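Content type mmCIF, C-alpha atoms, from the file data15.cif:
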data_query
loop_
_atom_site.group_PDB
_atom_site.id
_atom_site.type_symbol
_atom_site.label_atom_id
_atom_site.label_comp_id
_atom_site.auth_asym_id
_atom_site.auth_seq_id
_atom_site.Cartn_x
_atom_site.Cartn_y
_atom_site.Cartn_z
ATOM 1 C CA MET A 1 -13.224 -15.083 -15.462
ATOM 2 C CA LYS A 2 -14.014 -11.377 -15.544
ATOM 3 C CA LYS A 3 -12.595 -9.460 -12.614
ATOM 4 C CA LEU A 4 -15.256 -8.100 -10.306
ATOM 5 C CA LYS A 5 -15.857 -4.448 -9.640
ATOM 6 C CA VAL A 6 -16.714 -4.290 -5.937
ATOM 7 C CA LEU A 7 -18.276 -1.510 -3.879
ATOM 8 C CA ILE A 8 -17.433 -1.712 -0.159
ATOM 9 C CA VAL A 9 -19.554 0.458 2.135
ATOM 10 C CA ASP A 10 -18.453 0.963 5.741
ATOM 11 C CA ASP A 11 -17.805 4.020 7.882
ATOM 12 C CA SER A 12 -14.528 2.462 9.020
ATOM 13 C CA ALA A 13 -11.668 2.766 6.510
ATOM 14 C CA VAL A 14 -9.874 -0.057 8.302
ATOM 15 C CA MET A 15 -12.888 -2.335 7.951
ATOM 16 C CA ARG A 16 -13.129 -1.505 4.240
ATOM 17 C CA LYS A 17 -9.508 -2.644 3.853
ATOM 18 C CA ILE A 18 -10.208 -5.808 5.855
ATOM 19 C CA VAL A 19 -13.213 -6.657 3.684
ATOM 20 C CA GLU A 20 -11.202 -6.118 0.495
ATOM 21 C CA ARG A 21 -8.345 -8.232 1.828
ATOM 22 C CA SER A 22 -10.750 -11.017 2.820
ATOM 23 C CA LEU A 23 -12.330 -11.031 -0.649
ATOM 24 C CA ARG A 24 -8.887 -11.461 -2.199
ATOM 25 C CA GLN A 25 -7.871 -14.113 0.379
ATOM 26 C CA ALA A 26 -11.122 -15.918 -0.416
ATOM 27 C CA GLY A 27 -9.841 -16.382 -3.956
ATOM 28 C CA LEU A 28 -12.342 -14.094 -5.670
ATOM 29 C CA GLU A 29 -11.161 -12.346 -8.827
ATOM 30 C CA ILE A 30 -11.300 -8.763 -7.648
ATOM 31 C CA GLY A 31 -10.646 -5.919 -10.055
ATOM 32 C CA GLU A 32 -11.594 -2.354 -9.219
ATOM 33 C CA VAL A 33 -12.586 -1.674 -5.621
ATOM 34 C CA VAL A 34 -14.676 1.406 -4.858
ATOM 35 C CA GLU A 35 -15.046 2.530 -1.235
ATOM 36 C CA ALA A 36 -17.855 4.500 0.396
ATOM 37 C CA GLY A 37 -18.178 5.681 3.994
ATOM 38 C CA ASN A 38 -21.984 5.633 4.146
ATOM 39 C CA GLY A 39 -25.106 5.038 2.098
ATOM 40 C CA ILE A 40 -25.073 8.472 0.492
ATOM 41 C CA GLU A 41 -21.536 8.013 -0.806
ATOM 42 C CA ALA A 42 -22.454 4.494 -1.917
ATOM 43 C CA LEU A 43 -25.414 5.736 -3.989
ATOM 44 C CA ALA A 44 -23.162 8.308 -5.634
ATOM 45 C CA ALA A 45 -20.666 5.555 -6.420
ATOM 46 C CA VAL A 46 -23.390 3.343 -7.919
ATOM 47 C CA ASN A 47 -24.595 6.211 -10.092
ATOM 48 C CA GLY A 48 -21.019 6.687 -11.245
ATOM 49 C CA GLY A 49 -20.762 3.118 -12.502
ATOM 50 C CA MET A 50 -22.580 -0.067 -11.522
ATOM 51 C CA PRO A 51 -20.487 -2.545 -9.505
ATOM 52 C CA ASP A 52 -20.741 -6.342 -9.832
ATOM 53 C CA LEU A 53 -20.975 -6.815 -6.085
ATOM 54 C CA ILE A 54 -21.728 -4.640 -3.055
ATOM 55 C CA LEU A 55 -20.727 -5.352 0.535
ATOM 56 C CA SER A 56 -22.296 -2.982 3.041
ATOM 57 C CA ASP A 57 -22.265 -2.361 6.759
ATOM 58 C CA ILE A 58 -25.646 -1.746 8.429
ATOM 59 C CA ASN A 59 -24.826 0.754 11.181
ATOM 60 C CA MET A 60 -23.397 3.864 9.548
ATOM 61 C CA PRO A 61 -23.846 7.603 10.011
ATOM 62 C CA ALA A 62 -25.661 9.833 7.482
ATOM 63 C CA MET A 63 -27.388 6.917 5.710
ATOM 64 C CA ASP A 64 -27.341 3.423 7.167
ATOM 65 C CA GLY A 65 -27.200 0.153 5.265
ATOM 66 C CA LEU A 66 -30.950 -0.500 5.382
ATOM 67 C CA GLU A 67 -31.825 2.905 3.933
ATOM 68 C CA PHE A 68 -29.107 2.390 1.331
ATOM 69 C CA LEU A 69 -30.772 -0.893 0.295
ATOM 70 C CA LYS A 70 -34.108 0.915 0.002
ATOM 71 C CA GLN A 71 -32.647 3.703 -2.126
ATOM 72 C CA LEU A 72 -30.615 1.249 -4.207
ATOM 73 C CA SER A 73 -33.801 -0.591 -5.213
ATOM 74 C CA LEU A 74 -34.906 2.623 -6.938
ATOM 75 C CA VAL A 75 -31.740 2.911 -9.015
ATOM 76 C CA GLU A 76 -32.137 1.717 -12.586
ATOM 77 C CA GLY A 77 -29.924 -1.262 -13.343
ATOM 78 C CA ALA A 78 -29.140 -2.057 -9.722
ATOM 79 C CA LYS A 79 -31.631 -4.873 -9.326
ATOM 80 C CA GLY A 80 -29.263 -7.626 -10.427
ATOM 81 C CA VAL A 81 -26.337 -6.480 -8.300
ATOM 82 C CA PRO A 82 -25.930 -8.747 -5.265
ATOM 83 C CA VAL A 83 -25.646 -6.935 -1.942
ATOM 84 C CA VAL A 84 -24.144 -8.678 1.077
ATOM 85 C CA MET A 85 -24.455 -7.048 4.482
ATOM 86 C CA VAL A 86 -21.336 -7.093 6.696
ATOM 87 C CA THR A 87 -22.276 -6.289 10.242
ATOM 88 C CA THR A 88 -21.666 -6.725 13.953
ATOM 89 C CA GLU A 89 -25.436 -6.873 14.407
ATOM 90 C CA GLY A 90 -26.327 -9.832 16.612
ATOM 91 C CA SER A 91 -29.928 -8.915 15.909
ATOM 92 C CA GLU A 92 -31.688 -11.444 13.698
ATOM 93 C CA ALA A 93 -34.460 -8.896 13.196
ATOM 94 C CA ARG A 94 -32.200 -6.385 11.427
ATOM 95 C CA VAL A 95 -30.579 -9.077 9.326
ATOM 96 C CA VAL A 96 -34.001 -10.423 8.318
ATOM 97 C CA GLU A 97 -35.058 -6.862 7.507
ATOM 98 C CA ALA A 98 -32.023 -6.429 5.266
ATOM 99 C CA LEU A 99 -32.726 -9.730 3.504
ATOM 100 C CA SER A 100 -36.368 -8.758 2.999
ATOM 101 C CA MET A 101 -35.188 -5.496 1.446
ATOM 102 C CA GLY A 102 -33.140 -7.249 -1.188
ATOM 103 C CA ALA A 103 -29.816 -8.167 0.423
ATOM 104 C CA LYS A 104 -28.639 -11.558 -0.858
ATOM 105 C CA GLY A 105 -26.766 -12.541 2.262
ATOM 106 C CA TYR A 106 -24.909 -11.353 5.316
ATOM 107 C CA ILE A 107 -21.541 -11.791 6.988
ATOM 108 C CA ARG A 108 -21.238 -11.266 10.700
ATOM 109 C CA LYS A 109 -18.105 -9.587 12.086
ATOM 110 C CA PRO A 110 -15.689 -11.025 13.087
ATOM 111 C CA PHE A 111 -15.377 -13.121 9.936
ATOM 112 C CA THR A 112 -12.833 -15.366 8.226
ATOM 113 C CA PRO A 113 -11.969 -15.339 4.503
ATOM 114 C CA GLU A 114 -13.598 -18.790 4.340
ATOM 115 C CA GLN A 115 -16.880 -17.336 5.582
ATOM 116 C CA VAL A 116 -16.605 -14.544 3.013
ATOM 117 C CA LYS A 117 -16.023 -17.119 0.274
ATOM 118 C CA GLU A 118 -18.957 -19.218 1.457
ATOM 119 C CA ARG A 119 -21.345 -16.275 1.409
ATOM 120 C CA VAL A 120 -20.098 -14.325 -1.604
ATOM 121 C CA ALA A 121 -18.788 -16.846 -4.156
ATOM 122 C CA PRO A 122 -22.210 -18.373 -4.987
ATOM 123 C CA LEU A 123 -23.531 -14.886 -5.766
ATOM 124 C CA VAL A 124 -20.828 -13.989 -8.257
ATOM 125 C CA GLY A 125 -20.287 -17.245 -10.067
ATOM 126 C CA GLY A 126 -17.914 -19.032 -7.727
ATOM 127 C CA VAL A 127 -14.156 -18.964 -7.343
ATOM 128 C CA GLU A 128 -11.709 -20.027 -10.019
ATOM 129 C CA MET B 1 -29.100 5.472 21.234
ATOM 130 C CA ASN B 2 -32.549 5.180 22.736
ATOM 131 C CA SER B 3 -34.639 2.093 23.149
ATOM 132 C CA SER B 4 -38.202 2.851 22.102
ATOM 133 C CA THR B 5 -39.782 -0.160 23.785
ATOM 134 C CA THR B 6 -39.768 -1.343 27.363
ATOM 135 C CA GLN B 7 -37.052 -3.924 27.814
ATOM 136 C CA THR B 8 -36.620 -6.645 30.376
ATOM 137 C CA GLN B 9 -33.198 -6.024 31.839
ATOM 138 C CA VAL B 10 -30.775 -8.915 31.669
ATOM 139 C CA ARG B 11 -28.915 -9.400 34.947
ATOM 140 C CA PRO B 12 -25.210 -10.169 34.816
ATOM 141 C CA ASP B 13 -23.712 -13.159 36.592
ATOM 142 C CA ALA B 14 -20.221 -14.448 37.341
ATOM 143 C CA SER B 15 -20.054 -16.454 34.112
ATOM 144 C CA TRP B 16 -19.995 -13.231 32.081
ATOM 145 C CA LYS B 17 -16.270 -12.756 32.649
ATOM 146 C CA VAL B 18 -15.532 -16.043 30.888
ATOM 147 C CA VAL B 19 -17.954 -15.170 28.079
ATOM 148 C CA LEU B 20 -16.333 -11.740 27.697
ATOM 149 C CA GLU B 21 -12.876 -13.309 27.506
ATOM 150 C CA CYS B 22 -14.120 -15.785 24.933
ATOM 151 C CA ALA B 23 -15.760 -13.025 22.852
ATOM 152 C CA ALA B 24 -12.549 -10.971 22.885
ATOM 153 C CA THR B 25 -10.141 -13.820 22.117
ATOM 154 C CA GLU B 26 -12.331 -14.887 19.184
ATOM 155 C CA VAL B 27 -12.171 -11.385 17.707
ATOM 156 C CA PHE B 28 -8.371 -11.249 18.077
ATOM 157 C CA GLU B 29 -7.915 -14.717 16.624
ATOM 158 C CA ILE B 30 -10.243 -14.291 13.654
ATOM 159 C CA MET B 31 -9.424 -10.697 12.719
ATOM 160 C CA ALA B 32 -5.753 -10.409 13.715
ATOM 161 C CA GLY B 33 -4.753 -14.021 13.258
ATOM 162 C CA GLY B 34 -3.211 -14.690 16.643
ATOM 163 C CA LYS B 35 -3.984 -16.234 19.971
ATOM 164 C CA ALA B 36 -4.525 -13.764 22.815
ATOM 165 C CA GLU B 37 -3.612 -15.527 26.039
ATOM 166 C CA PRO B 38 -4.797 -14.341 29.458
ATOM 167 C CA TRP B 39 -2.530 -11.587 30.845
ATOM 168 C CA SER B 40 -0.203 -13.048 33.460
ATOM 169 C CA SER B 41 -0.809 -10.297 36.051
ATOM 170 C CA PRO B 42 -4.571 -9.900 36.130
ATOM 171 C CA GLU B 43 -4.327 -7.698 39.214
ATOM 172 C CA ASP B 44 -2.659 -4.935 37.154
ATOM 173 C CA ALA B 45 -4.683 -1.781 36.587
ATOM 174 C CA PRO B 46 -5.604 -1.105 32.965
ATOM 175 C CA LYS B 47 -3.126 1.200 31.213
ATOM 176 C CA GLY B 48 -2.448 2.262 27.647
ATOM 177 C CA GLU B 49 -2.653 5.349 25.461
ATOM 178 C CA LEU B 50 -5.669 4.223 23.450
ATOM 179 C CA THR B 51 -9.127 3.386 24.762
ATOM 180 C CA ALA B 52 -12.083 2.478 22.588
ATOM 181 C CA MET B 53 -15.584 2.415 24.026
ATOM 182 C CA VAL B 54 -18.975 1.242 22.851
ATOM 183 C CA GLY B 55 -22.226 1.893 24.703
ATOM 184 C CA LEU B 56 -24.870 -0.782 25.163
ATOM 185 C CA ALA B 57 -28.547 0.013 25.571
ATOM 186 C CA GLY B 58 -31.757 -1.964 25.880
ATOM 187 C CA ALA B 59 -31.866 -5.274 27.721
ATOM 188 C CA LEU B 60 -28.313 -4.557 28.859
ATOM 189 C CA CYS B 61 -27.173 -1.021 29.588
ATOM 190 C CA GLY B 62 -23.510 -0.347 30.049
ATOM 191 C CA ILE B 63 -20.230 0.381 28.401
ATOM 192 C CA LEU B 64 -17.576 -1.868 26.945
ATOM 193 C CA THR B 65 -14.011 -0.601 26.658
ATOM 194 C CA VAL B 66 -10.841 -1.957 25.068
ATOM 195 C CA ARG B 67 -7.591 -0.343 26.213
ATOM 196 C CA CYS B 68 -4.012 -0.936 25.100
ATOM 197 C CA THR B 69 -0.758 0.746 24.185
ATOM 198 C CA ARG B 70 -0.133 2.443 20.850
ATOM 199 C CA LYS B 71 2.369 -0.301 20.013
ATOM 200 C CA VAL B 72 -0.252 -3.001 20.429
ATOM 201 C CA ALA B 73 -2.799 -1.020 18.407
ATOM 202 C CA GLU B 74 -0.240 -0.603 15.612
ATOM 203 C CA ASP B 75 0.422 -4.334 15.563
ATOM 204 C CA LEU B 76 -3.306 -5.088 15.447
ATOM 205 C CA ALA B 77 -3.913 -2.576 12.651
ATOM 206 C CA MET B 78 -1.126 -4.016 10.506
ATOM 207 C CA ARG B 79 -2.243 -7.578 11.062
ATOM 208 C CA MET B 80 -5.879 -6.773 10.348
ATOM 209 C CA THR B 81 -5.285 -4.769 7.173
ATOM 210 C CA GLY B 82 -2.168 -6.535 5.923
ATOM 211 C CA GLY B 83 -0.449 -3.158 5.642
ATOM 212 C CA THR B 84 3.026 -2.193 6.770
ATOM 213 C CA THR B 85 2.337 1.399 7.799
ATOM 214 C CA VAL B 86 -0.279 2.767 10.165
ATOM 215 C CA THR B 87 -1.665 6.288 10.404
ATOM 216 C CA ASN B 88 -3.179 7.826 13.537
ATOM 217 C CA GLY B 89 -6.595 7.592 11.893
ATOM 218 C CA MET B 90 -6.128 3.885 11.306
ATOM 219 C CA LEU B 91 -5.215 3.342 14.950
ATOM 220 C CA GLY B 92 -8.446 4.892 16.184
ATOM 221 C CA ASP B 93 -10.430 3.077 13.523
ATOM 222 C CA THR B 94 -8.855 -0.262 14.442
ATOM 223 C CA MET B 95 -9.530 0.188 18.139
ATOM 224 C CA GLY B 96 -13.121 1.228 17.465
ATOM 225 C CA GLU B 97 -13.747 -1.766 15.219
ATOM 226 C CA ILE B 98 -12.227 -4.208 17.708
ATOM 227 C CA CYS B 99 -14.326 -2.788 20.523
ATOM 228 C CA ASN B 100 -17.443 -2.912 18.354
ATOM 229 C CA MET B 101 -16.797 -6.522 17.351
ATOM 230 C CA VAL B 102 -16.078 -7.632 20.927
ATOM 231 C CA ALA B 103 -19.330 -6.010 22.074
ATOM 232 C CA GLY B 104 -21.287 -7.526 19.179
ATOM 233 C CA ASN B 105 -19.728 -10.934 19.680
ATOM 234 C CA PHE B 106 -20.402 -10.788 23.426
ATOM 235 C CA LYS B 107 -24.078 -9.914 23.114
ATOM 236 C CA GLY B 108 -24.491 -12.427 20.298
ATOM 237 C CA LYS B 109 -23.617 -15.193 22.752
ATOM 238 C CA PHE B 110 -26.822 -14.538 24.721
ATOM 239 C CA THR B 111 -30.114 -15.216 22.929
ATOM 240 C CA ASN B 112 -31.883 -12.748 25.210
ATOM 241 C CA LEU B 113 -29.423 -9.974 24.314
ATOM 242 C CA ALA B 114 -28.815 -10.454 20.595
ATOM 243 C CA ASP B 115 -32.119 -8.933 19.497
ATOM 244 C CA HIS B 116 -32.665 -6.681 22.490
ATOM 245 C CA CYS B 117 -29.415 -4.816 23.018
ATOM 246 C CA MET B 118 -28.156 -2.039 20.765
ATOM 247 C CA LEU B 119 -24.598 -0.858 20.315
ATOM 248 C CA SER B 120 -23.478 2.727 19.911
ATOM 249 C CA VAL B 121 -20.980 3.931 17.352
ATOM 250 C CA PRO B 122 -17.501 3.523 18.939
ATOM 251 C CA THR B 123 -15.613 6.402 20.545
ATOM 252 C CA VAL B 124 -11.836 6.325 20.900
ATOM 253 C CA ILE B 125 -9.829 8.231 23.503
ATOM 254 C CA SER B 126 -6.157 8.979 22.933
ATOM 255 C CA GLY B 127 -4.218 9.624 26.140
ATOM 256 C CA GLU B 128 -3.652 8.004 29.508
ATOM 257 C CA ASP B 129 -4.427 10.694 32.038
ATOM 258 C CA TYR B 130 -8.159 10.287 32.458
ATOM 259 C CA VAL B 131 -10.659 8.686 34.783
ATOM 260 C CA MET B 132 -14.034 7.401 33.665
ATOM 261 C CA TYR B 133 -17.029 7.802 35.948
ATOM 262 C CA PRO B 134 -19.944 5.834 34.471
ATOM 263 C CA VAL B 135 -23.230 7.029 35.945
ATOM 264 C CA ASP B 136 -25.054 4.298 37.889
ATOM 265 C CA ALA B 137 -22.174 1.886 37.456
ATOM 266 C CA GLY B 138 -23.001 -1.586 38.685
ATOM 267 C CA GLU B 139 -21.049 -4.757 38.163
ATOM 268 C CA SER B 140 -17.853 -4.641 36.176
ATOM 269 C CA PHE B 141 -16.022 -7.431 34.376
ATOM 270 C CA LEU B 142 -12.352 -6.907 33.549
ATOM 271 C CA VAL B 143 -10.363 -9.227 31.296
ATOM 272 C CA GLY B 144 -6.640 -8.863 30.634
ATOM 273 C CA LEU B 145 -5.239 -10.432 27.472
ATOM 274 C CA LYS B 146 -1.665 -10.647 26.239
ATOM 275 C CA TRP B 147 -0.926 -9.366 22.753
ATOM 276 C CA ALA B 148 2.530 -8.534 21.376
ATOM 277 C CA SER B 149 3.954 -9.042 24.912
ATOM 278 C CA SER B 150 1.695 -6.321 26.323
ATOM 279 C CA PRO B 151 -1.703 -6.308 27.984
ATOM 280 C CA VAL B 152 -4.983 -5.490 26.297
ATOM 281 C CA TRP B 153 -7.733 -4.678 28.763
ATOM 282 C CA VAL B 154 -11.347 -5.448 27.973
ATOM 283 C CA CYS B 155 -13.857 -4.124 30.483
ATOM 284 C CA LEU B 156 -17.635 -4.374 30.574
ATOM 285 C CA THR B 157 -19.310 -2.066 33.086
ATOM 286 C CA VAL B 158 -23.008 -2.740 33.538
ATOM 287 C CA HIS B 159 -25.273 0.122 34.559
ATOM 288 C CA GLU B 160 -27.717 -0.410 37.392
#
Could you render the structure as structure tokens?
Amino acid sequence: MKKLKVLIVDDSAVMRKIVERSLRQAGLEIGEVVEAGNGIEALAAVNGGMPDLILSDINMPAMDGLEFLKQLSLVEGAKGVPVVMVTTEGSEARVVEALSMGAKGYIRKPFTPEQVKERVAPLVGGVE
Amino acid sequence: MNSSTTQTQVRPDASWKVVLECAATEVFEIMAGGKAEPWSSPEDAPKGELTAMVGLAGALCGILTVRCTRKVAEDLAMRMTGGTTVTNGMLGDTMGEICNMVAGNFKGKFTNLADHCMLSVPTVISGEDYVMYPVDAGESFLVGLKWASSPVWVCLTVHE
């Protein structure tokens, strides 16, 4: 199986590490990992090379996860890239909004590697 | 962090302390992989060099804080990231994330709060010699948990 190039978007560097670690613990074949601290940095990263999977926080400074989703939909070639929101949001409304804007799923913090696997694996062709 | 619509305020009750403890222990267990037991001397006053705080607005207005020693924060950061070294930046980041997750997990346990209470971006204070004076402070719920043989204090102060 091809190793996945993953873009992790979160304003917390620690949370980016936790997400990466959980993806690996979930058994996903992770190759290159690109990190971004907000939506603006994430768009720049996407323009620098399309990832196979994006995991993004919702609440971030400068450009939040919902605006990032909106801007991402305008980027050529990004349509087929699954985006999973990773958030502390207890608000169904914001999660529904993210899903309606193209997100393929969401993971609520705190999360286990099993939950990450459950939500992400079906989007990237499963786990070997 | 302003609420643009009129909200019905949710009133706290005595059960909130148990819910807060549950929300915090879940975060520690899931993210740091260990069981946080209740602190054996709950009458102790909260201490520790690091305090993270998250504001709540909307149906519940208040502030949630998580306070602990640097040693405890280092242990949490290493367990959460799987790393063996911790920078000062990582300590603040870890504390902020824990506080944010405890607040999110707490409000998510109430259907009337989940969609009607917003969380601020976390703020982290480094240092012990301070006193917090929340304006219009109402009821307060303090939970002491034991982690790495030291206390971690989780406090929810509800504004009137």
Next on the checklist: Applying 9 Å and only C-alpha atoms, which residues near Pro61 of chain A remain after dropping the ones on its own chain fewer than 3 positions away? List them as a count of residues only.
Outcome noted: 6
Item to check | Given the PyMOL selection byres ((chain A) within 10 of (chain B)), the residues it picks as a ChimeraX atom specification | outcome: /A:11-22,59-61,87-94,108-113
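For the atom pair formed by atom CA of Ile30 of chain A and atom CA of Ile58 of chain A, the distance is 22.7 Å, given to one decimal.
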Item to check | Length of the atom CA of Ile40 of chain A to atom CA of Phe68 of chain A vector [Å] | outcome: 7.3 Å
Checklist entry - Hey, what comes out of the PyMOL selection byres ((chain B and resi 150-155) around 8) on this file? Could you write it as a list in words? => result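 Applying the PyMOL selection byres ((chain B and resi 150-155) around 8) to the structure shown produces Ala24, Trp39, Pro46, Lys47, Leu64, Thr65, Val66, Arg67, Cys68, Thr69, Val72, Ser140, Phe141, Leu142, Val143, Gly144, Leu145, Lys146, Trp147, Ala148, Ser149, Leu156 and Thr157 of chain B.
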Mind checking which residues fall within 9 Å of Glu41 of chain A, counting only C-alpha atoms, ignoring those fewer than 6 positions away in the same chain, and posting them as an mmCIF file with C-alpha atoms, keeping the file's coordinate frame?
data_model
loop_
_atom_site.group_PDB
_atom_site.id
_atom_site.type_symbol
_atom_site.label_atom_id
_atom_site.label_comp_id
_atom_site.auth_asym_id
_atom_site.auth_seq_id
_atom_site.Cartn_x
_atom_site.Cartn_y
_atom_site.Cartn_z
ATOM 1 C CA VAL A 9 -19.554 0.458 2.135
ATOM 2 C CA GLU A 35 -15.046 2.530 -1.235
ATOM 3 C CA MET A 63 -27.388 6.917 5.710
#
Box in all listed atoms of segment 123-140 of chain B, axis-aligned, with 3 Å more on each side; write out centre and edge lengths in Å to one decimal as AutoDock Vina command-line options.
--center_x -14.4 --center_y 3.0 --center_z 29.6 --size_x 27.4 --size_y 21.5 --size_z 24.1
Next on the checklist: So that I can check the surroundings of segment 70-84 of chain A, please list as a VMD selection string every protein, DNA and RNA residue that reaches within 8 Å of it, counting only C-alpha atoms and ignoring chain neighbours fewer than 3 positions away.
Outcome noted: chain A and resid 43 47 50 to 56 66 to 67 101 to 107 120 123 to 124
Next on the checklist: Using all atoms listed in the file for the distances, tell me which of A:Glu97, A:Asp10, A:Asp57, A:Glu29 is nearest to Ala121 of chain A.
Outcome noted: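 So, comparing all the options, the nearest one is A:Glu29.
Atom CA of Leu7 of chain A is found 11.7 Å from atom CA of Leu23 of chain A.
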Checklist entry - Could you spell out the hits of the PyMOL selection byres ((chain B and resi 128-136) around 9) on the shown file, as a PyMOL selection string? => result chain B and resi 47-51+62-63+125-127+137-138+157-160
Could you pull segment 112-125 of chain B out of the block above and give me N, CA and C atoms, as a PDB file, in the first residue's frame?
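Here's the written file result.pdb:
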ATOM      1  N   ASN B 112     -28.040  20.759  26.742  1.00  0.00           N
ATOM      2  CA  ASN B 112     -28.392  22.172  26.648  1.00  0.00           C
ATOM      3  C   ASN B 112     -27.168  23.098  26.651  1.00  0.00           C
ATOM      4  N   LEU B 113     -25.984  22.520  26.770  1.00  0.00           N
ATOM      5  CA  LEU B 113     -24.760  23.337  26.701  1.00  0.00           C
ATOM      6  C   LEU B 113     -23.988  23.111  25.402  1.00  0.00           C
ATOM      7  N   ALA B 114     -24.028  21.879  24.906  1.00  0.00           N
ATOM      8  CA  ALA B 114     -23.166  21.504  23.781  1.00  0.00           C
ATOM      9  C   ALA B 114     -23.254  22.490  22.630  1.00  0.00           C
ATOM     10  N   ASP B 115     -24.471  22.852  22.242  1.00  0.00           N
ATOM     11  CA  ASP B 115     -24.653  23.748  21.099  1.00  0.00           C
ATOM     12  C   ASP B 115     -24.759  25.213  21.495  1.00  0.00           C
ATOM     13  N   HIS B 116     -24.782  25.498  22.786  1.00  0.00           N
ATOM     14  CA  HIS B 116     -25.071  26.861  23.213  1.00  0.00           C
ATOM     15  C   HIS B 116     -24.012  27.450  24.143  1.00  0.00           C
ATOM     16  N   CYS B 117     -22.846  26.861  24.150  1.00  0.00           N
ATOM     17  CA  CYS B 117     -21.770  27.387  24.986  1.00  0.00           C
ATOM     18  C   CYS B 117     -20.484  27.354  24.165  1.00  0.00           C
ATOM     19  N   MET B 118     -19.836  28.506  24.090  1.00  0.00           N
ATOM     20  CA  MET B 118     -18.600  28.587  23.288  1.00  0.00           C
ATOM     21  C   MET B 118     -17.383  28.608  24.207  1.00  0.00           C
ATOM     22  N   LEU B 119     -16.287  28.114  23.668  1.00  0.00           N
ATOM     23  CA  LEU B 119     -15.035  28.090  24.425  1.00  0.00           C
ATOM     24  C   LEU B 119     -14.055  29.084  23.819  1.00  0.00           C
ATOM     25  N   SER B 120     -13.296  29.732  24.685  1.00  0.00           N
ATOM     26  CA  SER B 120     -12.249  30.632  24.191  1.00  0.00           C
ATOM     27  C   SER B 120     -10.999  29.829  23.858  1.00  0.00           C
ATOM     28  N   VAL B 121     -10.078  30.474  23.169  1.00  0.00           N
ATOM     29  CA  VAL B 121      -8.752  29.895  22.981  1.00  0.00           C
ATOM     30  C   VAL B 121      -8.101  29.851  24.371  1.00  0.00           C
ATOM     31  N   PRO B 122      -7.354  28.782  24.699  1.00  0.00           N
ATOM     32  CA  PRO B 122      -6.761  28.702  26.047  1.00  0.00           C
ATOM     33  C   PRO B 122      -5.676  29.751  26.295  1.00  0.00           C
ATOM     34  N   THR B 123      -5.542  30.114  27.562  1.00  0.00           N
ATOM     35  CA  THR B 123      -4.437  30.974  28.014  1.00  0.00           C
ATOM     36  C   THR B 123      -3.691  30.199  29.092  1.00  0.00           C
ATOM     37  N   VAL B 124      -2.379  30.284  29.096  1.00  0.00           N
ATOM     38  CA  VAL B 124      -1.602  29.560  30.101  1.00  0.00           C
ATOM     39  C   VAL B 124      -0.739  30.540  30.885  1.00  0.00           C
ATOM     40  N   ILE B 125      -0.822  30.431  32.210  1.00  0.00           N
ATOM     41  CA  ILE B 125      -0.019  31.261  33.107  1.00  0.00           C
ATOM     42  C   ILE B 125       1.118  30.416  33.655  1.00  0.00           C
TER      43      ILE B 125
END
